[in-house]
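> Take a look at the following structure, please.
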Protein chains: 2
Amino acid sequence: MAMSALLSRADSHYGAPMEKSPLAPAAFPLLPSIAGVRPAVARARYKAWDRCDLTFVALDEGTAVAGVTTKSLCPSPEVEWCRAALPLGRARALVVNAGNSNAFTGHRGRAAVEAIAARVAGAIGCAPSDVFVASTGVIGVPLPIDKAEAGIDAALAAPEASWEEAAATIMTTDTFPKAAATRVVIGDRTVDLVGIIKGSGMIAPDMATMLGFIFTDAAIEPAFLQQMLNAANGRSFSCITVDGDTSTSDTVLAFATAKAGNAPLASFDDAGADAFQAALTDLCTQLAQLVVRDGEGASKFIGITVEGAVSDESARRIALSIANSPLVKTAIAGEDANWGRVVMAVGKAGEPAERDRLAIRFGATQVAHDGLAVEGYDEAPVAAHLKGQEIEIGVELGLGDGRATVWTCDLTHGYIAINADYRS
Amino acid sequence: MAMSALLSRADSHYGAPMEKSPLAPAAFPLLPSIAGVRPAVARARYKAWDRCDLTFVALDEGTAVAGVTTKSLCPSPEVEWCRAALPLGRARALVVNAGNSNAFTGHRGRAAVEAIAARVAGAIGCAPSDVFVASTGVIGVPLPIDKAEAGIDAALAAPEASWEEAAATIMTTDTFPKAAATRVVIGDRTVDLVGIIKGSGMIAPDMATMLGFIFTDAAIEPAFLQQMLNAANGRSFSCITVDGDTSTSDTVLAFATAKAGNAPLASFDDAGADAFQAALTDLCTQLAQLVVRDGEGASKFIGITVEGAVSDESARRIALSIANSPLVKTAIAGEDANWGRVVMAVGKAGEPAERDRLAIRFGATQVAHDGLAVEGYDEAPVAAHLKGQEIEIGVELGLGDGRATVWTCDLTHGYIAINADYRS
């Protein structure tokens, strides 16, 4: 990969256009409108740039909300705000600020979030707790309240935005806008799900927080929407890693407007609930994989499946230990079938594993089994697989039925260039 | 850092000379002989190279031994061998193989370790369990028994080697031989401690296992030596990280020959025991820091001190979370006072921390306190500190008395070059 291309991406911190990730999809997908959801975008000018950086989504009355947030013990005031409002289960608006994460800004950051919620509540006639707020970008600088308020006013007066405009407006160091959609039948109604997401690793001065927003016209009780989002999260956003680092602001919110007219889903006993869960998990997985495809400096997309663990959670931890290993990630960047590094990462995960039962494959080819290299395995298909952009690593532990798949990207000079080769 | 210099180090996998780390000490230290310890080196030719790669250390009768080994659940057969022999507390010989780690080699690997112990036991007249074995290098290839046996025979016939020769012979991808010494008074006797160590991160096809060996002429009961080594390990080898990866073979062994004639130390009630513990901890810290100074691609040595945690162990975990963060390590490589990344790493550690009490310093300069940037702090001393080779990061949590210091290095293009830019 040419260094000039990589540096041009780092330059994007200063406003130059970014080089699109080689793993990006060919085109932005076609997405349906969601009844009861009206996105708009505006220029709050949180940074010295001339792009839209404030996204405002109006939600009709009766919209249910659920959410998952970062596990960081040092979260942003936006995350604290959302955590407090989520148990109420209702939403009327979403505001997303790009360019300033408002994290680590003390009481002034809290004041900014309260001001945003109050401004929106006054304008559309709802409670401040019906307004959800997320911010991403530089940390340590309180979000300027005057810019936020002017941006909100502009967005309220703006025409409806396309999903592509909304997905582009929430970007910071992302190299392409990210969205996905799916559709499911509940009883006699067809409901749509659309998601937009941003995130590409973590970059300073912008911490490339993962912010994801899912919209559906299905009718779902808030507590059940939360239950289904938790389950989907466990198989999607919790199964990706770019560099093992965790933002102070990561947030995924799901909004259900109830406009589709289906009988409201309240539990898995309801017809269509299983199908909706499957669709939601699929959508979240698509969105999560898009974040990995924009991993900083990524040249290869890596799926890691661990089977035969003592539990699914144990399998996930081992898979993440492999996915977060700099040695595994650099080996894949080097197209090196280095199963020794995979063994190392299994061993350090701290989960039950027996060296002499381990089997490892790259693509479809077993390279180690029963604690030993497979003697004389055919290296040609392994080499061909590793030269591709989509890499598969399989680990069989031989202990139980636990299983998990996680996704990551390789670790290249591009990551270092983006994260070290400039000053903030 | 010039790429050509970095690539020449990666080339060392094929036998070319390595570029010495810029963080290496100016010279190998002057070290005393240790009575009862006789090192020798030989060419076993585990790889196609013409260098000594087998170290044999003869230990007089009455030598006590203690050890700590990797926490990996997939350890090498050498580690399993040492774990089984350590409770017996006695040692007569040490064999260290470089170039082949013998890890992940199943029953054939176990057979090689048993053959080495038997060969030495027969030659010097001791039990096989008195023979300690460690190996480092390529994994997945059973250590060739014939080469090991010929190497042992050659070492038995060889003249005594210097500490520098021994330290160089245990190297794999290290760029300089590593050793340290200290001296302490026990009663009316002066005792010496010498340590040699190798390790520089983890590199394939060689996994750059950390192997450390400490020799003293003090008389110490094995169980107490183990207790003191555990304590020293907790403040030294357990406090360093290069890339967060863990070898399947990491081993530190301490041998005490009792030749100094001091009254044997059996507990901290014995005169001189506290002084010996302090000396051992100091020696282990020197050795551990030498490994960090040879971190792959390292251009800066980083000390991270966390204070005010709820316990020392909590402080150590938070400090390691910072030390293992790719974003913190790349920020330091970029000489960027990016305290936001430090906050992020504190937040993801999963240990008690309160965002609004955090204070962070680079060198002697506070850059954040009470959950906010220090307004108008003087950037000049921070910039000057970050331009140096020795970086200090301080975090004050304001919760309790827990305290820990860990050491790491920055993450540079050199790490990627060494780990990705060649094929095994």
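Scheme for the structure tokens: letters A, B, ... for chains in order shown; per-chain residue numbers from 1; ligand numbers from 1 in order shown.
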Could the residues of chain A within 7 Å of chain B, counting only C-alpha atoms, be given as a ChimeraX atom specification, please?

/A:72-74,104-106,139-140,243,245-248,325-327,330-331,333-334,336,340,344,347-348,350,353-356,371-373,412-413,416,419-424

> Can you list, as a list in words, every protein, DNA or RNA residue that comes within 6 Å of range 295-307 of chain B when you count only C-alpha atoms, leaving out same-chain residues fewer than 4 positions away?

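Near range 295-307 of chain B, the qualifying residues are Ser200, Gly201, Val242, Ala315, Ala319, Gln389, Glu390, Ile391, Glu392, Ile393, Gly394, Val395, Glu396, Gly402, Arg403, Ala404, Thr405, Val406, Trp407, Thr408, Cys409, Asp410, Thr412, Gly414 and Tyr415 of chain B.
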
> For the strand (DSSP E) assignment from backbone DSSP, which residues of range 178-341 of chain B qualify? Please present them as a VMD selection string.

chain B and resid 178 to 186 189 to 198 206 to 207 211 to 216 251 to 256 301 to 309

> Tell me, as a PyMOL selection string, which residues lie within 6 Å of range 50-64 of chain B, counting only C-alpha atoms; anything in the same chain fewer than 2 positions away does not count.

chain B and resi 36-44+89-98+169+222+255-257

> Using DSSP assignments from the backbone, pull out every residue in range 108-304 of chain A that falls under helix (DSSP H, G or I) and give it to me as a PyMOL selection string.

chain A and resi 108-124+128-130+145-157+163-169+222-234+237-239+273-293

> Can you tell me how far CA of Ala275 in chain B sits from CA of Gly234 in chain B, in Å to one decimal?

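Separation of CA of Ala275 in chain B and CA of Gly234 in chain B: 17.2 Å.
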
> Counting only C-alpha atoms, what is within 6 Å of range 281-283 of chain B, bar same-chain residues fewer than 3 positions away, as a list in words?

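Returned residues: Ala232, Ala278 and Gln286 of chain B.
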
> With N, CA and C atoms retained, export the selected residues as a PDB file, in the first residue's frame.


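What ended up in selection38.pdb:
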```pdb
ATOM      1  N   ALA B 232       9.156 -10.303  43.467  1.00  0.00           N
ATOM      2  CA  ALA B 232       9.919  -9.496  42.506  1.00  0.00           C
ATOM      3  C   ALA B 232       9.240  -9.494  41.142  1.00  0.00           C
ATOM      4  N   ALA B 278      14.950  -6.725  48.150  1.00  0.00           N
ATOM      5  CA  ALA B 278      15.072  -5.445  47.437  1.00  0.00           C
ATOM      6  C   ALA B 278      16.039  -5.570  46.268  1.00  0.00           C
ATOM      7  N   GLN B 286      15.552  -4.195  36.381  1.00  0.00           N
ATOM      8  CA  GLN B 286      16.553  -3.868  35.349  1.00  0.00           C
ATOM      9  C   GLN B 286      16.410  -4.784  34.139  1.00  0.00           C
TER      10      GLN B 286
END
```
